[in-house]
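Asker: Below you'll find the structure I mean.
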Amino acid sequence: MSGRVWVPCLDCVKDVLVKEGFRDTLLQVWKPGQVFGLVKPLDDTYEVHVRGYQDGTLDAEIEVSREYLEHLVYGSYPYDHYLLEILKRHNIPHKVAKPIESAQKPPKPATLIPWKPLLLIAAVVGVIAFIASTSSSDGDKEESRRR
């Protein structure tokens with residue numbers, strides 16, 4: 001089994017998760033047998049990632065939000081109790097397929113660097129560099145015409 005919680009209907013659970021505020025994400029590491037991956041922000045720092053697998057199992061992890069560069073290096077931690085709460089609240093039958101670790105939010109990273117402003121700054125610098133390089137090329141062409 002891939003995940004830690006088995007359910008009889010993955011599509012039903014996916015629909016419930018979307019109603020609970022989860023959304024598809026294109027940028028994710030796909031695990032063997034994974035058929036979907038949904039994320040939901042928990043707060044300004046963390047998000048929950050739920051994966052569904054071909055064998056009817058699910059698992060959930062907590063990780064630093066994709067809004068920050070630290071998402072790439074901070075790692076993820078099991079957070080299946082959050083998923084179990086949703087399944088119970090919606091009366092979805094399920095079985096625990098693998099041991100579930102006690103879960104708590106990991107320590108907050110020492111720094112949180114939003115990547116979108118960095119991307120904007122890099123784009124502006126790139127445009128300025130391009131304009132500067134083309135205007136200096138035009139100046140060189142003009143100078144050679146005068147000779």
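By convention in this document, the chains of the structure tokens carry letters A, B, ... by their order, each chain's residues are numbered from 1, and ligands are numbered from 1 in the order they are shown.
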Applying 7 Å and only C-alpha atoms, which residues near Val5 (chain A) remain after dropping the ones on its own chain fewer than 2 positions away? List them as a list of chain:residue names.

Answerer: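 The residues satisfying every condition are A:Gly3, A:Val7, A:Thr57, A:Leu58, A:Asp59, A:His94, A:Lys95, A:Val96, A:Ala97, A:Lys98.
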
Asker: Quick one: everything within 9 Å of Leu10 (chain A), counting only C-alpha atoms, minus sequence neighbours fewer than 2 positions away in the same chain. Send it as a PyMOL selection string.

Answerer: chain A and resi 6-8+12-15+52-54+56-58

Asker: Which one is closest to Glu61 (chain A): A:Gln104, A:Gly33, A:Tyr46, A:Tyr77? Count only C-alpha atoms.

Answerer: A:Tyr77

Asker: If you run DSSP on the backbone here, which positions in region 14-121 of chain A get helix (DSSP H, G or I)? Please write them as a count of residues only.

Answerer: 27

Asker: At a cut-off of 12 Å, using only C-alpha atoms, what residues contact Leu72 (chain A)? Leave out same-chain residues fewer than 4 positions from it and give the result as an MDAnalysis selection string.

Answerer: chainID A and resid 27:29 63:68 76 112:115

Asker: Please provide the set of residues having any atom within 10 Å of Leu87 (chain A), restricted to only C-alpha atoms, with same-chain residues fewer than 4 positions apart removed, written as a ChimeraX atom specification.

Answerer: /A:7,13,16-17,81-83,91-94

Asker: Would you mind exporting N, CA and C atoms of the selected residues as a PDB file, in the first residue's frame?

Answerer:
```pdb
ATOM      1  N   VAL A   7      -9.580   4.203   1.530  1.00  0.00           N
ATOM      2  CA  VAL A   7     -10.986   4.591   1.376  1.00  0.00           C
ATOM      3  C   VAL A   7     -11.562   3.821   0.186  1.00  0.00           C
ATOM      4  N   VAL A  13     -13.674  11.165  -2.093  1.00  0.00           N
ATOM      5  CA  VAL A  13     -12.822  11.895  -1.149  1.00  0.00           C
ATOM      6  C   VAL A  13     -12.242  13.134  -1.819  1.00  0.00           C
ATOM      7  N   VAL A  16     -14.805  15.843  -1.798  1.00  0.00           N
ATOM      8  CA  VAL A  16     -14.961  16.404  -0.453  1.00  0.00           C
ATOM      9  C   VAL A  16     -13.792  17.337  -0.139  1.00  0.00           C
ATOM     10  N   LEU A  17     -12.586  16.916  -0.490  1.00  0.00           N
ATOM     11  CA  LEU A  17     -11.409  17.748  -0.214  1.00  0.00           C
ATOM     12  C   LEU A  17     -11.501  19.080  -0.956  1.00  0.00           C
ATOM     13  N   HIS A  81      -3.648  12.922  10.642  1.00  0.00           N
ATOM     14  CA  HIS A  81      -4.783  13.162  11.538  1.00  0.00           C
ATOM     15  C   HIS A  81      -5.714  14.226  10.967  1.00  0.00           C
ATOM     16  N   TYR A  82      -5.172  15.188  10.231  1.00  0.00           N
ATOM     17  CA  TYR A  82      -5.983  16.231   9.601  1.00  0.00           C
ATOM     18  C   TYR A  82      -6.929  15.602   8.566  1.00  0.00           C
ATOM     19  N   LEU A  83      -6.388  14.692   7.782  1.00  0.00           N
ATOM     20  CA  LEU A  83      -7.182  13.963   6.789  1.00  0.00           C
ATOM     21  C   LEU A  83      -8.254  13.112   7.480  1.00  0.00           C
ATOM     22  N   ASN A  91     -18.402  11.529   7.254  1.00  0.00           N
ATOM     23  CA  ASN A  91     -18.863  10.135   7.359  1.00  0.00           C
ATOM     24  C   ASN A  91     -18.380   9.269   6.203  1.00  0.00           C
ATOM     25  N   ILE A  92     -17.121   9.438   5.830  1.00  0.00           N
ATOM     26  CA  ILE A  92     -16.538   8.640   4.755  1.00  0.00           C
ATOM     27  C   ILE A  92     -15.880   7.411   5.377  1.00  0.00           C
ATOM     28  N   PRO A  93     -16.315   6.211   4.964  1.00  0.00           N
ATOM     29  CA  PRO A  93     -15.687   5.002   5.526  1.00  0.00           C
ATOM     30  C   PRO A  93     -14.203   4.956   5.173  1.00  0.00           C
ATOM     31  N   HIS A  94     -13.406   4.508   6.113  1.00  0.00           N
ATOM     32  CA  HIS A  94     -11.955   4.436   5.900  1.00  0.00           C
ATOM     33  C   HIS A  94     -11.346   3.423   6.861  1.00  0.00           C
TER      34      HIS A  94
END
```

Asker: Just asking: which residues within region 1-146 of chain A are strand (DSSP E or B) according to DSSP, as an MDAnalysis selection string?

Answerer: chainID A and resid 5:6 23:24 34:41 46:53 57:64 68 76:78 95:96 114

Asker: When you look at Trp30 (chain A) with a cut-off of 12 Å (counting only C-alpha atoms), what residues show up, excluding the ones that are within fewer than 5 positions of it in the same chain? I need them as a PDB file with N, CA and C atoms, in the first residue's frame.

Answerer:
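File written: selection_10.pdb
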```
ATOM      1  N   THR A  25      -2.610  21.238  -7.720  1.00  0.00           N
ATOM      2  CA  THR A  25      -1.367  21.972  -7.904  1.00  0.00           C
ATOM      3  C   THR A  25      -0.539  21.252  -8.955  1.00  0.00           C
ATOM      4  N   VAL A  35      -2.428   9.322  -8.022  1.00  0.00           N
ATOM      5  CA  VAL A  35      -3.409   9.711  -9.035  1.00  0.00           C
ATOM      6  C   VAL A  35      -3.899  11.144  -8.856  1.00  0.00           C
ATOM      7  N   PHE A  36      -3.744  11.692  -7.667  1.00  0.00           N
ATOM      8  CA  PHE A  36      -4.013  13.108  -7.472  1.00  0.00           C
ATOM      9  C   PHE A  36      -3.220  13.634  -6.282  1.00  0.00           C
ATOM     10  N   GLY A  37      -3.047  14.951  -6.294  1.00  0.00           N
ATOM     11  CA  GLY A  37      -2.395  15.646  -5.198  1.00  0.00           C
ATOM     12  C   GLY A  37      -3.061  16.994  -5.028  1.00  0.00           C
ATOM     13  N   LEU A  38      -3.588  17.249  -3.839  1.00  0.00           N
ATOM     14  CA  LEU A  38      -4.297  18.495  -3.556  1.00  0.00           C
ATOM     15  C   LEU A  38      -3.642  19.207  -2.379  1.00  0.00           C
ATOM     16  N   HIS A  49      -0.845  18.858   2.218  1.00  0.00           N
ATOM     17  CA  HIS A  49      -0.817  18.224   0.903  1.00  0.00           C
ATOM     18  C   HIS A  49      -1.387  16.813   1.071  1.00  0.00           C
ATOM     19  N   VAL A  50      -2.479  16.522   0.374  1.00  0.00           N
ATOM     20  CA  VAL A  50      -3.087  15.182   0.410  1.00  0.00           C
ATOM     21  C   VAL A  50      -2.876  14.526  -0.951  1.00  0.00           C
ATOM     22  N   ARG A  51      -2.373  13.300  -0.915  1.00  0.00           N
ATOM     23  CA  ARG A  51      -2.174  12.520  -2.143  1.00  0.00           C
ATOM     24  C   ARG A  51      -3.095  11.310  -2.128  1.00  0.00           C
ATOM     25  N   GLY A  52      -3.661  11.007  -3.313  1.00  0.00           N
ATOM     26  CA  GLY A  52      -4.438   9.786  -3.493  1.00  0.00           C
ATOM     27  C   GLY A  52      -3.662   8.848  -4.395  1.00  0.00           C
ATOM     28  N   TYR A  53      -3.756   7.541  -4.125  1.00  0.00           N
ATOM     29  CA  TYR A  53      -2.988   6.536  -4.868  1.00  0.00           C
ATOM     30  C   TYR A  53      -3.916   5.526  -5.535  1.00  0.00           C
TER      31      TYR A  53
END
```
